[in-house]
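Colleague: Here it is, the structure, as structure tokens.
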Amino acid sequence: MTVTVAEPALSRVETVMRAIEARIEGRALSPGARLPSVRGLAESMQVSKSTVVEAYDRLAARGAIVSRPGSGFFVSARPEPLSLTAIGPRLDRAVDPVWITRQSLEARPDSLRPGCGWLPPDWLPEAELRRALRQVARQSAAVMFYDTPQGHAPLRQQLALRLTERGIRAHPDQLVLTDSVTHALDLIIRFLAEPGDTVLLDDPCYFSFQALARAHRLHMVGVPFGPEGPDLAAFEQALIEHRPRFYITNSGLQNPTGATLSPVAVHRILRLAEMHGTLIVEDDAYADFEAEPGPRLAGFDGLDRVIHVGGFSKTISTGARVGAIAIRDDWVERLVDLKLAVSLSDNHLTAATLHRFLAEGSYRHHVDAMRTRLADARGTVVQRLAAVGVAVPFVPTAGMFLWGRLPDRLDATEISRRALARGVVLAPGNVFSLSQGAADAMRFNVAQCADPRVFSELARAMEG
């Protein structure tokens with residue numbers, strides 16, 4: 001089955017417009033070129049002549065084409081800016097910490113995205129989410145007004161209960177809602193650090209941690225990370241030598257490796273952080289992928305030294321983004337003031353919709369089915385990767401990611417460029433590695449690997 005990004009259904013007029021616009025953007029129709037006759041285009045696209053006339057009229061209103069009475073329609077003499085996405089992916093872009101995100105979001109609808117970080121549309125609870133949105137939209141306040149500074153109170157109550165189920169005791173008043181997990185992390189970095197401060201990162205780690213730290217002009221120090229968590233000896237040494245302001249990590253289903261910290265690792269990390277005065281930011285965006293919650297730093301710490309962050313864009317919808325920060329009581333007011341200063345209020349409509357969806361109970365059924373589906377996909381993808389020579393030394397018990405190793409120390413970045421030219425977005429290892437020590441590694445999203453072409457194109461790219 002081919003996995004594609006769903007697009008809203010187009011009307012016949014919009015379909016004709018899209019076809020003409022694509023030819024203009026890709027320079028198949030140059031400035032001044034005559035467009036097909038109304039009759040000719042209607043026959044070739046199997047639509048009515050009135051549909052083509054309306055499409056041409058709309059394009060003329062936008063200035064994309066011009067009408068010359070008695071002669072027909074022509075491409076405007078002033079060309080639109082050249083659209084690189086219309087003629088192919090940005091192959092010349094540097095493979096940096098935002099490369100995967102940019103390529104995944106800008107890829108054509110028919111591209112394959114085994115390197116992206118989200119579930120395919122047909123894995124998500126669209127019907128249930130639409131129902132919740134309709135229910136909320138009937139309440140005018142949800143559409144028309146700002147939310148309270150701390151965020152939608154009913155949702156904070158719901159999220160506090162969910163945290164308790166995972167062993168994290170947090171009162172609703174200790175929760176601050178944001179527009180996404182990324183927004184939450186950005187606020188926390190602003191709250192905790194000044195330019196030039198040091199932050200400790202796992203190596204490899206989620207590439208957005210690096211991008212955010214770079215944006216805030218922080219000094220980044222990496223600690224080797226494996227199936228059991230960070231190298232604790234290296235972690236301690238980094239605390240001694242660099243005195244980081246904070247350490248940011250995924251304690252559960254770490255991105256990109258899929259590892260979850262053991263209780264021993266959690267205990268040791270917290271002791272070392274306390275000894276050296278280091279704070280911890282725990283990004284728990286993948287919590288609901290686990291059937292049985294693993295140990296969490298915030299659960300052992302009680303939100304004293306640990307700030308916990310979560311969200312739902314991975315499990316519900318990338319278009320329904322809500323983040324939640326759980327933080328110690330005496331920091332809440334200052335964090336809310338900062339939030340008001342930089343973003344005013346979070347999206348009340350989205351928060352209210354999410355609350356409705358969670359309160360209905362259908363979310364639990366959705367994540368149960370998602371976990372089963374991911375488990376099946378994980379086993380299949382491990383086998384298919386092995387068939388093309390890619391090893392997966394550590395297979396996580398849950399989640400969507402596998403951290404593979406290419407054969408013969410092949411360069412994952414070069415292979416990703418080759419695959420991109422053929423419409424396949426991969427995730428090369430060094431994007432996740434501060435030390436650039438993962439040149440032969442690659443992250444695979446098992447939910448995005450259903451199409452057999454993922455593996456045939458990967459094999460072709462590895463052959464050169």
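Ligands are numbered from 1 in the order shown, residues from 1 within each chain, and chains are lettered A, B, ... in the order they appear in the structure tokens.
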Which residues come within 9 Å of region 369-382 of chain A, counting only C-alpha atoms, excluding same-chain residues fewer than 6 positions away, as a list in words?
Modeller: Trp123, Leu124, Asp288, Phe289, Glu290, Ala291, Thr315, Val390, Ala391, Val392, Val395, Pro396, Thr397, Ala398, Gly399, Met400, Phe401, Leu402, Gly404, Phe444, Asn445, Val446, Ala447, Cys449 and Ala450 of chain A
Colleague: Can I get the selection written as a PDB file, in the first residue's frame, with C-alpha atoms?
Modeller:
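The result, written out as out30.pdb:
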```pdb
ATOM      1  CA  TRP A 123      -3.471   5.803  11.506  1.00  0.00           C
ATOM      2  CA  LEU A 124      -5.057   8.821  13.191  1.00  0.00           C
ATOM      3  CA  ASP A 288       1.172   7.062  25.166  1.00  0.00           C
ATOM      4  CA  PHE A 289       2.995   4.701  22.830  1.00  0.00           C
ATOM      5  CA  GLU A 290       3.833   2.568  25.886  1.00  0.00           C
ATOM      6  CA  ALA A 291       1.240   0.084  27.154  1.00  0.00           C
ATOM      7  CA  THR A 315      -0.883  10.226  18.699  1.00  0.00           C
ATOM      8  CA  VAL A 390      20.509  -2.818   7.555  1.00  0.00           C
ATOM      9  CA  ALA A 391      20.951  -4.101  11.118  1.00  0.00           C
ATOM     10  CA  VAL A 392      18.825  -3.013  14.090  1.00  0.00           C
ATOM     11  CA  VAL A 395      14.592  -3.303  18.985  1.00  0.00           C
ATOM     12  CA  PRO A 396      12.386  -1.197  21.293  1.00  0.00           C
ATOM     13  CA  THR A 397       9.355  -2.705  22.957  1.00  0.00           C
ATOM     14  CA  ALA A 398       7.109   0.145  21.817  1.00  0.00           C
ATOM     15  CA  GLY A 399       7.002   3.333  19.763  1.00  0.00           C
ATOM     16  CA  MET A 400       7.424   4.114  16.091  1.00  0.00           C
ATOM     17  CA  PHE A 401      11.214   4.381  15.719  1.00  0.00           C
ATOM     18  CA  LEU A 402      14.022   1.961  14.899  1.00  0.00           C
ATOM     19  CA  GLY A 404      19.411   1.069  12.183  1.00  0.00           C
ATOM     20  CA  PHE A 444      13.196   4.554  10.511  1.00  0.00           C
ATOM     21  CA  ASN A 445       9.556   5.278  11.303  1.00  0.00           C
ATOM     22  CA  VAL A 446       7.921   1.840  11.106  1.00  0.00           C
ATOM     23  CA  ALA A 447       4.463   3.327  10.526  1.00  0.00           C
ATOM     24  CA  CYS A 449       7.388   1.903   5.968  1.00  0.00           C
ATOM     25  CA  ALA A 450       4.347  -0.009   4.709  1.00  0.00           C
TER      26      ALA A 450
END
```
Colleague: As number ranges by chain, list the residues of region 55-161 of chain A assigned to strand (DSSP E) by DSSP on the backbone atoms of this structure.
Modeller: A: 65-68, 72-75
Colleague: Convert the current residue selection to file output with N, CA and C atoms, as a PDB file, in the first residue's frame.
Modeller:
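What follows is the written file selection_2.pdb:
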```pdb
ATOM      1  N   ILE A  65      -2.744  34.445 -15.190  1.00  0.00           N
ATOM      2  CA  ILE A  65      -2.922  34.411 -16.641  1.00  0.00           C
ATOM      3  C   ILE A  65      -3.669  35.681 -17.062  1.00  0.00           C
ATOM      4  N   VAL A  66      -3.665  35.958 -18.343  1.00  0.00           N
ATOM      5  CA  VAL A  66      -4.392  37.117 -18.876  1.00  0.00           C
ATOM      6  C   VAL A  66      -5.238  36.664 -20.063  1.00  0.00           C
ATOM      7  N   SER A  67      -6.357  37.367 -20.246  1.00  0.00           N
ATOM      8  CA  SER A  67      -7.252  37.073 -21.359  1.00  0.00           C
ATOM      9  C   SER A  67      -7.050  38.105 -22.460  1.00  0.00           C
ATOM     10  N   ARG A  68      -6.929  37.625 -23.687  1.00  0.00           N
ATOM     11  CA  ARG A  68      -6.845  38.503 -24.849  1.00  0.00           C
ATOM     12  C   ARG A  68      -8.031  38.199 -25.752  1.00  0.00           C
ATOM     13  N   GLY A  72      -7.566  34.214 -26.883  1.00  0.00           N
ATOM     14  CA  GLY A  72      -7.509  33.171 -25.876  1.00  0.00           C
ATOM     15  C   GLY A  72      -6.859  33.646 -24.586  1.00  0.00           C
ATOM     16  N   PHE A  73      -6.325  32.677 -23.807  1.00  0.00           N
ATOM     17  CA  PHE A  73      -5.691  32.968 -22.519  1.00  0.00           C
ATOM     18  C   PHE A  73      -4.198  32.698 -22.621  1.00  0.00           C
ATOM     19  N   PHE A  74      -3.417  33.560 -21.922  1.00  0.00           N
ATOM     20  CA  PHE A  74      -1.962  33.457 -21.964  1.00  0.00           C
ATOM     21  C   PHE A  74      -1.385  33.573 -20.551  1.00  0.00           C
ATOM     22  N   VAL A  75      -0.221  32.942 -20.337  1.00  0.00           N
ATOM     23  CA  VAL A  75       0.474  33.064 -19.058  1.00  0.00           C
ATOM     24  C   VAL A  75       0.894  34.513 -18.874  1.00  0.00           C
TER      25      VAL A  75
END
```
Colleague: Would you mind reading off the distance between CA of Val199 (chain A) and CA of Val336 (chain A), one decimal, in Å?
Modeller: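 So the answer is 22.7 Å.
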Colleague: Check the smallest atom-to-atom distance from each of A:Arg417, A:Pro97, A:Ala170, A:Asp57 to Ala215 (chain A) using only C-alpha atoms, then report the winner.
Modeller: A:Pro97
Colleague: Excluding same-chain residues fewer than 3 positions from Leu344 (chain A), what lies within 10 Å of it counting only C-alpha atoms, as a ChimeraX atom specification?
Modeller: /A:146-149,336-341,347
Colleague: Print the selection's residues with N, CA and C atoms to a file, as an mmCIF file, in the first residue's frame.
Modeller:
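Full text of result.cif as output:
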```cif
data_model
loop_
_atom_site.group_PDB
_atom_site.id
_atom_site.type_symbol
_atom_site.label_atom_id
_atom_site.label_comp_id
_atom_site.auth_asym_id
_atom_site.auth_seq_id
_atom_site.Cartn_x
_atom_site.Cartn_y
_atom_site.Cartn_z
ATOM 1 N N TYR A 146 -9.942 34.505 23.838
ATOM 2 C CA TYR A 146 -8.701 33.973 24.380
ATOM 3 C C TYR A 146 -9.000 33.005 25.516
ATOM 4 N N ASP A 147 -8.066 32.104 25.771
ATOM 5 C CA ASP A 147 -8.177 31.227 26.923
ATOM 6 C C ASP A 147 -7.540 31.911 28.126
ATOM 7 N N THR A 148 -7.650 31.289 29.287
ATOM 8 C CA THR A 148 -6.996 31.814 30.487
ATOM 9 C C THR A 148 -5.483 31.707 30.327
ATOM 10 N N PRO A 149 -4.705 32.533 31.019
ATOM 11 C CA PRO A 149 -3.256 32.533 30.823
ATOM 12 C C PRO A 149 -2.587 31.170 31.030
ATOM 13 N N VAL A 336 4.120 31.511 33.367
ATOM 14 C CA VAL A 336 2.920 32.020 32.704
ATOM 15 C C VAL A 336 3.142 33.453 32.228
ATOM 16 N N ASP A 337 3.812 34.267 33.039
ATOM 17 C CA ASP A 337 4.121 35.635 32.611
ATOM 18 C C ASP A 337 4.975 35.628 31.341
ATOM 19 N N LEU A 338 5.951 34.728 31.295
ATOM 20 C CA LEU A 338 6.791 34.617 30.101
ATOM 21 C C LEU A 338 5.965 34.186 28.897
ATOM 22 N N LYS A 339 5.079 33.237 29.105
ATOM 23 C CA LYS A 339 4.214 32.772 28.022
ATOM 24 C C LYS A 339 3.361 33.924 27.477
ATOM 25 N N LEU A 340 2.802 34.729 28.372
ATOM 26 C CA LEU A 340 1.991 35.865 27.944
ATOM 27 C C LEU A 340 2.826 36.880 27.164
ATOM 28 N N ALA A 341 4.090 37.027 27.560
ATOM 29 C CA ALA A 341 4.950 38.007 26.906
ATOM 30 C C ALA A 341 5.293 37.608 25.480
ATOM 31 N N ASN A 347 -3.938 28.060 21.992
ATOM 32 C CA ASN A 347 -5.118 27.875 21.157
ATOM 33 C C ASN A 347 -6.246 27.221 21.959
#
```
Colleague: Just the number, please: distance in Å from CA of Asn250 (chain A) to CA of Gly229 (chain A), one decimal.
Modeller: 9.6 Å
